[in-house]
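A.B. asks: Here you go, this is model.pdb (PDB, C-alpha atoms and all ligand atoms).
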ATOM      1  CA  LYS A 299       0.000   0.000   0.000
ATOM      2  CA  SER A 300       1.061   3.588  -0.517
ATOM      3  CA  GLY A 301      -0.077   7.028   0.465
ATOM      4  CA  PHE A 302       0.633  10.707   0.869
ATOM      5  CA  ILE A 303       1.698  12.347   4.100
ATOM      6  CA  SER A 304       1.834  16.074   4.675
ATOM      7  CA  ILE A 305       4.182  17.282   7.430
ATOM      8  CA  ILE A 306       3.055  20.620   8.764
ATOM      9  CA  GLY A 307       4.258  22.704  11.672
ATOM     10  CA  ARG A 308       5.760  26.070  12.408
ATOM     11  CA  PRO A 309       9.415  26.764  11.578
ATOM     12  CA  ASN A 310      12.109  24.931  13.589
ATOM     13  CA  VAL A 311       9.863  22.242  15.038
ATOM     14  CA  GLY A 312      12.003  19.615  13.298
ATOM     15  CA  LYS A 313      10.264  18.798  10.009
ATOM     16  CA  SER A 314      13.491  18.664   7.966
ATOM     17  CA  THR A 315      15.277  16.733  10.708
ATOM     18  CA  PHE A 316      12.510  14.130  10.603
ATOM     19  CA  LEU A 317      12.714  13.828   6.802
ATOM     20  CA  ASN A 318      16.493  13.586   6.980
ATOM     21  CA  ARG A 319      16.197  10.746   9.438
ATOM     22  CA  VAL A 320      13.651   8.692   7.531
ATOM     23  CA  ILE A 321      14.634   9.481   3.963
ATOM     24  CA  GLY A 322      18.132  10.933   3.883
ATOM     25  CA  GLN A 323      20.115  14.108   3.517
ATOM     26  CA  LYS A 324      19.804  14.726  -0.225
ATOM     27  CA  ILE A 325      16.043  14.863  -0.406
ATOM     28  CA  ALA A 326      15.552  17.115   2.603
ATOM     29  CA  ILE A 327      17.861  19.711   1.071
ATOM     30  CA  MET A 328      15.270  20.053  -1.699
ATOM     31  CA  SER A 329      12.694  21.074   0.875
ATOM     32  CA  ASP A 330      14.674  24.214   1.698
ATOM     33  CA  LYS A 331      14.119  25.649  -1.781
ATOM     34  CA  PRO A 332      11.644  28.543  -1.888
ATOM     35  CA  GLN A 333       8.043  27.440  -1.775
ATOM     36  CA  THR A 334       5.813  27.613  -4.792
ATOM     37  CA  THR A 335       2.074  27.183  -5.042
ATOM     38  CA  ARG A 336       2.564  23.643  -6.305
ATOM     39  CA  ASN A 337       2.799  20.760  -3.903
ATOM     40  CA  LYS A 338       6.286  19.371  -3.711
ATOM     41  CA  ILE A 339       7.367  15.842  -3.075
ATOM     42  CA  GLN A 340       9.900  16.048  -0.263
ATOM     43  CA  GLY A 341      10.786  12.405  -0.269
ATOM     44  CA  VAL A 342       9.580   8.863  -0.763
ATOM     45  CA  LEU A 343      10.109   6.185   1.852
ATOM     46  CA  THR A 344       9.879   2.622   0.623
ATOM     47  CA  ARG A 345       9.272   0.084   3.377
ATOM     48  CA  GLU A 346       8.547  -3.620   3.332
ATOM     49  CA  GLN A 347       4.768  -3.129   3.598
ATOM     50  CA  SER A 348       4.305   0.336   2.183
ATOM     51  CA  GLN A 349       5.453   3.375   0.299
ATOM     52  CA  MET A 350       5.110   6.773   1.968
ATOM     53  CA  ILE A 351       5.220   9.909  -0.132
ATOM     54  CA  PHE A 352       5.936  12.986   1.959
ATOM     55  CA  ILE A 353       4.706  16.211   0.429
ATOM     56  CA  ASP A 354       5.037  19.841   1.334
ATOM     57  CA  THR A 355       1.949  21.966   1.916
ATOM     58  CA  PRO A 356       2.778  25.443   0.669
ATOM     59  CA  GLY A 357       1.648  28.425   2.666
ATOM     60  CA  ILE A 358       0.703  26.681   5.844
ATOM     61  CA  HIS A 359       3.970  27.412   7.639
ATOM     62  CA  LYS A 360       3.643  31.159   7.173
ATOM     63  CA  PRO A 361       1.999  33.644   9.522
ATOM     64  CA  LYS A 362      -1.614  34.422   8.739
ATOM     65  CA  HIS A 363      -1.249  38.034   7.624
ATOM     66  CA  LYS A 364       1.062  37.038   4.766
ATOM     67  CA  LEU A 365      -1.298  34.375   3.460
ATOM     68  CA  GLY A 366      -3.548  35.268   0.563
ATOM     69  CA  GLU A 367      -6.949  33.674   0.147
ATOM     70  CA  PHE A 368      -5.561  31.678  -2.760
ATOM     71  CA  MET A 369      -2.736  30.184  -0.721
ATOM     72  CA  ILE A 370      -5.141  29.200   2.030
ATOM     73  CA  LYS A 371      -7.311  27.473  -0.552
ATOM     74  CA  VAL A 372      -4.308  25.618  -2.002
ATOM     75  CA  SER A 373      -3.253  24.515   1.480
ATOM     76  CA  LYS A 374      -6.699  23.272   2.379
ATOM     77  CA  ASN A 375      -7.076  21.386  -0.896
ATOM     78  CA  THR A 376      -3.746  19.682  -0.320
ATOM     79  CA  LEU A 377      -4.684  18.700   3.223
ATOM     80  CA  ARG A 378      -7.923  17.187   1.920
ATOM     81  CA  GLU A 379      -6.082  15.032  -0.600
ATOM     82  CA  VAL A 380      -3.427  13.432   1.614
ATOM     83  CA  ASP A 381      -3.896  10.255   3.660
ATOM     84  CA  VAL A 382      -2.291  11.523   6.852
ATOM     85  CA  ILE A 383      -1.455  14.972   8.169
ATOM     86  CA  MET A 384       1.516  15.006  10.527
ATOM     87  CA  PHE A 385       1.173  18.135  12.664
ATOM     88  CA  MET A 386       4.589  18.501  14.277
ATOM     89  CA  VAL A 387       5.061  20.629  17.384
ATOM     90  CA  ASN A 388       8.000  21.538  19.595
ATOM     91  CA  ALA A 389       7.798  19.970  23.070
ATOM     92  CA  GLU A 390      10.333  22.495  24.321
ATOM     93  CA  GLN A 391       8.178  25.495  23.438
ATOM     94  CA  GLY A 392       4.653  24.162  23.795
ATOM     95  CA  LEU A 393       1.484  25.564  22.262
ATOM     96  CA  GLY A 394       2.045  28.915  20.521
ATOM     97  CA  LYS A 395       0.344  31.311  18.100
ATOM     98  CA  GLY A 396       1.873  29.560  15.087
ATOM     99  CA  ASP A 397       0.341  26.279  16.223
ATOM    100  CA  GLU A 398      -3.059  27.883  16.752
ATOM    101  CA  PHE A 399      -2.994  29.289  13.226
ATOM    102  CA  ILE A 400      -2.350  25.857  11.763
ATOM    103  CA  LEU A 401      -5.030  24.263  13.929
ATOM    104  CA  GLU A 402      -7.502  26.836  12.581
ATOM    105  CA  LEU A 403      -6.651  25.802   9.016
ATOM    106  CA  LEU A 404      -7.153  22.161   9.984
ATOM    107  CA  GLU A 405     -10.656  22.753  11.277
ATOM    108  CA  GLY A 406     -13.189  20.687   9.363
ATOM    109  CA  THR A 407     -10.550  18.540   7.630
ATOM    110  CA  GLN A 408     -11.636  14.936   7.180
ATOM    111  CA  THR A 409      -8.049  13.710   6.863
ATOM    112  CA  PRO A 410      -6.657  12.088  10.032
ATOM    113  CA  VAL A 411      -4.336  14.463  11.854
ATOM    114  CA  PHE A 412      -1.450  13.088  13.937
ATOM    115  CA  LEU A 413      -0.093  15.264  16.722
ATOM    116  CA  VAL A 414       3.652  14.592  16.597
ATOM    117  CA  VAL A 415       5.307  16.041  19.686
ATOM    118  CA  ASN A 416       8.957  16.406  18.713
ATOM    119  CA  LYS A 417      12.125  17.130  20.734
ATOM    120  CA  ILE A 418      11.086  15.012  23.704
ATOM    121  CA  ASP A 419      14.792  14.568  24.409
ATOM    122  CA  GLN A 420      14.748  18.190  25.601
ATOM    123  CA  ILE A 421      12.085  17.822  28.291
ATOM    124  CA  HIS A 422      11.457  15.805  31.455
ATOM    125  CA  PRO A 423       9.194  12.792  30.769
ATOM    126  CA  ASP A 424       6.687  14.088  33.356
ATOM    127  CA  GLU A 425       6.091  17.179  31.218
ATOM    128  CA  ILE A 426       4.819  15.273  28.172
ATOM    129  CA  VAL A 427       1.285  14.725  29.488
ATOM    130  CA  GLY A 428       0.735  18.442  30.151
ATOM    131  CA  ILE A 429       1.979  19.410  26.691
ATOM    132  CA  ILE A 430      -0.241  16.832  25.034
ATOM    133  CA  ASP A 431      -3.282  17.993  27.046
ATOM    134  CA  SER A 432      -2.866  21.602  25.912
ATOM    135  CA  TYR A 433      -3.022  20.533  22.257
ATOM    136  CA  LYS A 434      -5.737  17.936  22.837
ATOM    137  CA  SER A 435      -8.067  20.632  24.131
ATOM    138  CA  LYS A 436      -7.825  22.367  20.718
ATOM    139  CA  TYR A 437      -8.278  19.515  18.263
ATOM    140  CA  ASN A 438      -9.486  15.948  17.952
ATOM    141  CA  PHE A 439      -6.283  14.199  16.843
ATOM    142  CA  ALA A 440      -6.417  10.740  15.299
ATOM    143  CA  GLU A 441      -3.124   9.820  16.985
ATOM    144  CA  ILE A 442      -0.728  11.486  19.408
ATOM    145  CA  ILE A 443       2.905  10.406  19.147
ATOM    146  CA  PRO A 444       5.899  11.882  20.993
ATOM    147  CA  ILE A 445       9.254  11.555  19.190
ATOM    148  CA  SER A 446      12.776  12.835  18.983
ATOM    149  CA  ALA A 447      13.538  13.351  15.305
ATOM    150  CA  LEU A 448      17.147  14.146  16.200
ATOM    151  CA  GLN A 449      17.840  11.110  18.362
ATOM    152  CA  GLY A 450      15.341   8.798  16.694
ATOM    153  CA  ASN A 451      13.194   7.958  19.736
ATOM    154  CA  ASN A 452       9.836   6.461  18.738
ATOM    155  CA  VAL A 453      10.284   7.333  15.037
ATOM    156  CA  ASP A 454       9.888   3.708  13.937
ATOM    157  CA  ASN A 455       6.673   3.473  15.924
ATOM    158  CA  LEU A 456       5.354   6.629  14.240
ATOM    159  CA  LEU A 457       6.039   5.116  10.801
ATOM    160  CA  GLU A 458       4.250   1.918  11.788
ATOM    161  CA  VAL A 459       1.174   3.846  12.919
ATOM    162  CA  ILE A 460       1.150   5.936   9.718
ATOM    163  CA  GLU A 461       1.239   2.688   7.744
ATOM    164  CA  LYS A 462      -2.099   1.664   9.288
ATOM    165  CA  TYR A 463      -3.765   4.718   7.706
ATOM    166  CA  LEU A 464      -2.554   4.129   4.149
TER     167      LEU A 464
HETATM  168  P1  LIG B 501      12.014  22.727  10.483
HETATM  169  O1  LIG B 501      12.096  24.206  10.308
HETATM  170  O2  LIG B 501      10.687  22.334  11.039
HETATM  171  O3  LIG B 501      12.354  21.991   9.232
HETATM  172  O4  LIG B 501      13.083  22.332  11.621
HETATM  173  P2  LIG B 501      14.546  21.687  11.454
HETATM  174  O5  LIG B 501      14.428  20.254  11.122
HETATM  175  O6  LIG B 501      15.347  22.545  10.566
HETATM  176  O7  LIG B 501      15.080  21.764  12.967
HETATM  177  C1  LIG B 501      15.278  22.987  13.638
HETATM  178  C2  LIG B 501      16.287  22.795  14.750
HETATM  179  O8  LIG B 501      15.774  21.894  15.744
HETATM  180  C3  LIG B 501      17.614  22.171  14.286
HETATM  181  O9  LIG B 501      18.661  22.794  14.975
HETATM  182  C4  LIG B 501      17.478  20.705  14.671
HETATM  183  O10 LIG B 501      18.719  20.092  14.918
HETATM  184  C5  LIG B 501      16.658  20.811  15.951
HETATM  185  N1  LIG B 501      15.871  19.588  16.207
HETATM  186  C6  LIG B 501      15.045  18.950  15.362
HETATM  187  N2  LIG B 501      14.507  17.860  15.943
HETATM  188  C7  LIG B 501      15.027  17.794  17.188
HETATM  189  C8  LIG B 501      14.865  16.876  18.280
HETATM  190  O11 LIG B 501      14.132  15.876  18.235
HETATM  191  N3  LIG B 501      15.551  17.167  19.423
HETATM  192  C9  LIG B 501      16.391  18.243  19.516
HETATM  193  N4  LIG B 501      17.031  18.428  20.670
HETATM  194  N5  LIG B 501      16.561  19.111  18.514
HETATM  195  C10 LIG B 501      15.890  18.898  17.355
HETATM  196 MG    MG B 502      12.738  22.715   7.273
END
Can you present the structure in this file as structure tokens?
Ligand code: GDP
Ligand code: MG

C.D. replies:
Amino acid sequence: KSGFISIIGRPNVGKSTFLNRVIGQKIAIMSDKPQTTRNKIQGVLTREQSQMIFIDTPGIHKPKHKLGEFMIKVSKNTLREVDVIMFMVNAEQGLGKGDEFILELLEGTQTPVFLVVNKIDQIHPDEIVGIIDSYKSKYNFAEIIPISALQGNNVDNLLEVIEKYL
């Protein structure tokens, strides 16, 4: 089976680090090129049971006031068409304005949204529950998965769960 996964999240949450880890250096460099209105394939991960195509969702990482109506429409259409939306957040910083903006765009989306709490290597394990609760109160996530993209903690588990949705 195969499917499309959109990784969204505000800058510096670790999206490129995650792609580097699962796909490799070369591909993730592509994702640093300036965004266009077209959806970009950031990398393809071929596993034993599946193929995962990670795509960029233009516009969604930018602050609201810079987003035109057209870009919002493009973003929403993309999010409708993927199989899984990975909403990545920074455990170190917690819920912020940038997250709230993205959650607003996600409202009404039928696509399953995963809350991926990244950088758990930077916090005390006892803090994870509180962080998760703050996001949970804002959105009905299909799955909630804490990871460290840098150190690799729980990344394999995340991929296995994604596979179930393809
Ligand atoms: P992006 O803007 O969402 O693509 O974020 P990047 O992948 O460029 O990461 C931003 C910064 O966070 C870099 O310095 C990464 O090394 C760091 N980073 C990413 N993931 C982790 C993580 O799991 N733990 C820690 N400690 N740092 C991370
Ligand atoms: Mg990046």

A.B. asks: Which residues are near Ile305 in chain A? Cut-off 9 Å, all atoms listed in the file, ignore same chain within fewer than 4 positions. Put them as a count of residues only.

C.D. replies: 10

A.B. asks: Compile the contact shell of Asn375 in chain A as a PyMOL selection string: residues with an atom at most 12 Å away, counting all atoms listed in the file, same-chain residues fewer than 3 positions apart removed.

C.D. replies: chain A and resi 304+335-337+355-358+368-372+378-380+403-404+406-409

A.B. asks: For the provided coordinates, the residues matched by the PyMOL selection byres (((not hetatm)) within 10 of (chain B and resi 501)) should be stated as a PyMOL selection string.

C.D. replies: chain A and resi 305-319+326+329-330+359+386-390+415-421+444-451+453

A.B. asks: Can you list what the PyMOL selection byres (((chain A and resi 299) around 7) and not hetatm) grabs from this structure, as a list of chain:residue names?

C.D. replies: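 For this structure, the PyMOL selection byres (((chain A and resi 299) around 7) and not hetatm) resolves to A:Ser300, A:Gln347, A:Ser348, A:Gln349, A:Leu464.
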
A.B. asks: Between A:Asn452, A:Met350, A:Lys338, A:Ile443, which one has atoms that come closest to Thr376 in chain A, using all atoms listed in the file?

C.D. replies: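 Of all the options, A:Lys338 lies closest to Thr376 in chain A.
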
A.B. asks: Determine the nearest neighbour of Leu377 in chain A from the options A:Ala440, A:Ile303, A:Ile460, A:Ile426, counting only C-alpha atoms.

C.D. replies: A:Ile303

A.B. asks: With distances taken over all atoms listed in the file, which of A:Leu456, A:Gly392, A:Gln340, A:Glu346 is nearest to ligand MG 502 (chain B)?

C.D. replies: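 Residue with the minimum atom-to-atom distance to ligand MG 502 (chain B): A:Gln340.
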
A.B. asks: Provide range 428-456 of chain A rebuilt to N, CA and C atoms, formatted as an mmCIF file, keeping the file's coordinate frame.

C.D. replies:
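Final output, out-v6.cif:
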data_model
loop_
_atom_site.group_PDB
_atom_site.id
_atom_site.type_symbol
_atom_site.label_atom_id
_atom_site.label_comp_id
_atom_site.auth_asym_id
_atom_site.auth_seq_id
_atom_site.Cartn_x
_atom_site.Cartn_y
_atom_site.Cartn_z
ATOM 1 N N GLY A 428 1.258 17.074 30.126
ATOM 2 C CA GLY A 428 0.735 18.442 30.151
ATOM 3 C C GLY A 428 0.756 19.083 28.767
ATOM 4 N N ILE A 429 1.844 18.853 28.046
ATOM 5 C CA ILE A 429 1.979 19.410 26.691
ATOM 6 C C ILE A 429 0.891 18.824 25.794
ATOM 7 N N ILE A 430 0.762 17.510 25.867
ATOM 8 C CA ILE A 430 -0.241 16.832 25.034
ATOM 9 C C ILE A 430 -1.641 17.358 25.363
ATOM 10 N N ASP A 431 -1.952 17.520 26.647
ATOM 11 C CA ASP A 431 -3.282 17.993 27.046
ATOM 12 C C ASP A 431 -3.605 19.371 26.472
ATOM 13 N N SER A 432 -2.597 20.257 26.420
ATOM 14 C CA SER A 432 -2.866 21.602 25.912
ATOM 15 C C SER A 432 -3.274 21.558 24.432
ATOM 16 N N TYR A 433 -2.658 20.660 23.669
ATOM 17 C CA TYR A 433 -3.022 20.533 22.257
ATOM 18 C C TYR A 433 -4.349 19.781 22.087
ATOM 19 N N LYS A 434 -4.527 18.762 22.914
ATOM 20 C CA LYS A 434 -5.737 17.936 22.837
ATOM 21 C C LYS A 434 -7.012 18.747 23.044
ATOM 22 N N SER A 435 -6.892 19.804 23.856
ATOM 23 C CA SER A 435 -8.067 20.632 24.131
ATOM 24 C C SER A 435 -8.460 21.470 22.915
ATOM 25 N N LYS A 436 -7.583 21.521 21.900
ATOM 26 C CA LYS A 436 -7.825 22.367 20.718
ATOM 27 C C LYS A 436 -8.287 21.581 19.500
ATOM 28 N N TYR A 437 -8.009 20.277 19.480
ATOM 29 C CA TYR A 437 -8.278 19.515 18.263
ATOM 30 C C TYR A 437 -8.441 18.040 18.576
ATOM 31 N N ASN A 438 -9.245 17.374 17.773
ATOM 32 C CA ASN A 438 -9.486 15.948 17.952
ATOM 33 C C ASN A 438 -8.506 15.140 17.084
ATOM 34 N N PHE A 439 -7.327 14.875 17.612
ATOM 35 C CA PHE A 439 -6.283 14.199 16.843
ATOM 36 C C PHE A 439 -6.566 12.709 16.709
ATOM 37 N N ALA A 440 -6.236 12.180 15.529
ATOM 38 C CA ALA A 440 -6.417 10.740 15.299
ATOM 39 C C ALA A 440 -5.407 9.943 16.115
ATOM 40 N N GLU A 441 -4.194 10.476 16.226
ATOM 41 C CA GLU A 441 -3.124 9.820 16.985
ATOM 42 C C GLU A 441 -2.251 10.899 17.621
ATOM 43 N N ILE A 442 -1.661 10.561 18.755
ATOM 44 C CA ILE A 442 -0.728 11.486 19.408
ATOM 45 C C ILE A 442 0.557 10.718 19.682
ATOM 46 N N ILE A 443 1.660 11.175 19.065
ATOM 47 C CA ILE A 443 2.905 10.406 19.147
ATOM 48 C C ILE A 443 4.091 11.314 19.478
ATOM 49 N N PRO A 444 4.702 11.126 20.647
ATOM 50 C CA PRO A 444 5.899 11.882 20.993
ATOM 51 C C PRO A 444 7.134 11.247 20.350
ATOM 52 N N ILE A 445 8.021 12.078 19.806
ATOM 53 C CA ILE A 445 9.254 11.555 19.190
ATOM 54 C C ILE A 445 10.442 12.477 19.472
ATOM 55 N N SER A 446 11.625 11.967 19.177
ATOM 56 C CA SER A 446 12.776 12.835 18.983
ATOM 57 C C SER A 446 13.305 12.563 17.589
ATOM 58 N N ALA A 447 13.080 13.516 16.687
ATOM 59 C CA ALA A 447 13.538 13.351 15.305
ATOM 60 C C ALA A 447 15.066 13.318 15.260
ATOM 61 N N LEU A 448 15.685 14.052 16.180
ATOM 62 C CA LEU A 448 17.147 14.146 16.200
ATOM 63 C C LEU A 448 17.772 12.846 16.690
ATOM 64 N N GLN A 449 17.234 12.307 17.771
ATOM 65 C CA GLN A 449 17.840 11.110 18.362
ATOM 66 C C GLN A 449 17.178 9.823 17.888
ATOM 67 N N GLY A 450 16.008 9.963 17.274
ATOM 68 C CA GLY A 450 15.341 8.798 16.694
ATOM 69 C C GLY A 450 14.314 8.115 17.590
ATOM 70 N N ASN A 451 14.135 8.606 18.816
ATOM 71 C CA ASN A 451 13.194 7.958 19.736
ATOM 72 C C ASN A 451 11.782 7.887 19.154
ATOM 73 N N ASN A 452 11.235 6.699 19.107
ATOM 74 C CA ASN A 452 9.836 6.461 18.738
ATOM 75 C C ASN A 452 9.511 6.743 17.262
ATOM 76 N N VAL A 453 10.531 7.021 16.446
ATOM 77 C CA VAL A 453 10.284 7.333 15.037
ATOM 78 C C VAL A 453 9.775 6.097 14.283
ATOM 79 N N ASP A 454 10.357 4.936 14.590
ATOM 80 C CA ASP A 454 9.888 3.708 13.937
ATOM 81 C C ASP A 454 8.422 3.422 14.263
ATOM 82 N N ASN A 455 8.069 3.654 15.513
ATOM 83 C CA ASN A 455 6.673 3.473 15.924
ATOM 84 C C ASN A 455 5.744 4.403 15.145
ATOM 85 N N LEU A 456 6.153 5.664 15.005
ATOM 86 C CA LEU A 456 5.354 6.629 14.240
ATOM 87 C C LEU A 456 5.117 6.117 12.812
#
